[in-house]
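Chemist: Sending over start-v9.json (JSON, C-alpha atoms).
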[["chain", "number", "residue", "atom", "x", "y", "z"],
["A", 1, "MET", "CA", -124.12, -106.59, 81.05],
["A", 2, "THR", "CA", -121.55, -107.03, 83.80],
["A", 3, "PRO", "CA", -118.07, -105.58, 83.21],
["A", 4, "GLN", "CA", -116.57, -109.08, 83.29],
["A", 5, "LEU", "CA", -118.96, -110.32, 80.61],
["A", 6, "LEU", "CA", -118.41, -107.18, 78.53],
["A", 7, "ALA", "CA", -114.62, -107.61, 78.68],
["A", 8, "HIS", "CA", -115.03, -111.22, 77.57],
["A", 9, "ALA", "CA", -117.29, -110.17, 74.68],
["A", 10, "VAL", "CA", -114.69, -107.59, 73.59],
["A", 11, "CYS", "CA", -112.02, -110.31, 73.65],
["A", 12, "ILE", "CA", -114.16, -112.54, 71.45],
["A", 13, "LEU", "CA", -114.82, -109.65, 69.09],
["A", 14, "GLY", "CA", -111.07, -109.09, 68.81],
["A", 15, "ALA", "CA", -110.53, -112.72, 67.91],
["A", 16, "THR", "CA", -112.38, -112.07, 64.67],
["A", 17, "GLN", "CA", -109.50, -109.82, 63.54],
["A", 18, "ASP", "CA", -112.13, -107.81, 61.66],
["A", 19, "PRO", "CA", -111.19, -104.12, 61.32],
["A", 20, "GLN", "CA", -114.90, -103.30, 61.08],
["A", 21, "ALA", "CA", -115.16, -104.18, 64.78],
["A", 22, "ARG", "CA", -112.97, -101.23, 65.78],
["A", 23, "PRO", "CA", -115.87, -98.67, 65.89],
["A", 24, "LEU", "CA", -117.64, -101.00, 68.33],
["A", 25, "ILE", "CA", -114.57, -101.25, 70.55],
["A", 26, "GLU", "CA", -113.42, -97.61, 70.60],
["A", 27, "PRO", "CA", -116.17, -96.30, 72.93],
["A", 28, "LEU", "CA", -115.16, -98.97, 75.45],
["A", 29, "LEU", "CA", -111.73, -97.35, 75.76],
["A", 30, "ARG", "CA", -113.54, -94.85, 78.02],
["A", 31, "HIS", "CA", -115.64, -97.39, 79.95],
["A", 32, "HIS", "CA", -115.91, -96.86, 83.72],
["A", 33, "ASP", "CA", -114.44, -100.31, 84.48],
["A", 34, "PRO", "CA", -110.64, -100.56, 84.17],
["A", 35, "ASP", "CA", -110.76, -104.21, 83.05],
["A", 36, "VAL", "CA", -113.10, -103.35, 80.19],
["A", 37, "ARG", "CA", -110.86, -100.43, 79.18],
["A", 38, "GLU", "CA", -107.77, -102.66, 79.21],
["A", 39, "GLU", "CA", -109.43, -105.38, 77.15],
["A", 40, "ALA", "CA", -110.68, -102.76, 74.69],
["A", 41, "ARG", "CA", -107.15, -101.35, 74.41],
["A", 42, "ARG", "CA", -105.63, -104.79, 73.78],
["A", 43, "THR", "CA", -108.32, -105.71, 71.29],
["A", 44, "ALA", "CA", -108.04, -102.45, 69.36],
["A", 45, "ALA", "CA", -104.26, -102.92, 69.14],
["A", 46, "GLU", "CA", -104.70, -106.52, 68.00],
["A", 47, "ILE", "CA", -107.15, -105.58, 65.26],
["A", 48, "THR", "CA", -104.95, -102.78, 63.91],
["A", 49, "ALA", "CA", -101.64, -104.70, 64.15],
["A", 50, "PRO", "CA", -100.06, -105.51, 60.80],
["A", 51, "LYS", "CA", -100.67, -109.09, 59.72],
["A", 52, "PRO", "CA", -97.74, -111.22, 58.61],
["A", 53, "GLU", "CA", -97.71, -112.15, 54.94],
["A", 54, "GLY", "CA", -98.21, -115.83, 54.17],
["A", 55, "ARG", "CA", -98.04, -118.67, 56.65],
["A", 56, "VAL", "CA", -95.95, -118.34, 59.75],
["A", 57, "HIS", "CA", -94.48, -121.55, 61.06],
["A", 58, "LYS", "CA", -93.04, -121.62, 64.54],
["A", 59, "SER", "CA", -91.10, -124.74, 65.39]]
Mind turning the file's structure into structure tokens?
Modeler:
Amino acid sequence: MTPQLLAHAVCILGATQDPQARPLIEPLLRHHDPDVREEARRTAAEITAPKPEGRVHKS
């Protein structure tokens, strides 16, 4: 898999907001490609970020 495709796959995995995805993402924090590492870092942070309670309405 190319680094660009891998970074995109990590982004999609992060969109699930599923904490069970974190073990799949963590090894990519040490990937040889800096773009993959950065996407893995962002995704891991997104998955572990606290979720707001209830609906959030931005007007």
Chemist: Which residue, A:Val36, A:Pro50, A:Arg30, A:Thr43, has the smallest gap to Ala15 (chain A) when you use all atoms listed in the file?
Modeler: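 The answer is A:Thr43, which sits nearest to Ala15 (chain A).
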Chemist: Any idea what the distance is between CA of Gln17 (chain A) and CA of Leu5 (chain A)?
Modeler: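 Separating CA of Gln17 (chain A) from CA of Leu5 (chain A) is a distance of 19.5 Å.
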Chemist: Please report the interatomic distance between CA of Ala49 (chain A) and CA of Met1 (chain A) in Å with one decimal.
Modeler: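 Value for the CA of Ala49 (chain A)-CA of Met1 (chain A) distance: 28.2 Å.
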Chemist: With only C-alpha atoms as the basis for distance, which of A:Ile47, A:His32, A:Arg41, A:Pro27 is at the shortest distance from Leu13 (chain A)?
Modeler: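 Ranking A:Ile47, A:His32, A:Arg41, A:Pro27 by distance to Leu13 (chain A), first place goes to A:Ile47.
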Chemist: To one decimal in Å, tell me the separation between CA of His8 (chain A) and CA of Ala45 (chain A).
Modeler: 16.0 Å
Chemist: Taking only C-alpha atoms into account, name the residue in A:Glu46, A:Pro3, A:Gly14, A:Pro19 that is nearest to His31 (chain A).
Modeler: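 Counting only C-alpha atoms, the residue closest to His31 (chain A) is A:Pro3.
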Chemist: Give me the residues near Gln4 (chain A) as a list in words, where near means some atom within 12 Å (using all atoms listed in the file) and where sequence neighbours in that chain fewer than 2 positions away do not count.
Modeler: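 These residues fall inside the cut-off: Met1, Thr2, Leu6, Ala7, His8, Ala9, Val10, Cys11, Asp33, Pro34, Asp35, Val36, Arg37, Glu38 and Glu39 of chain A.
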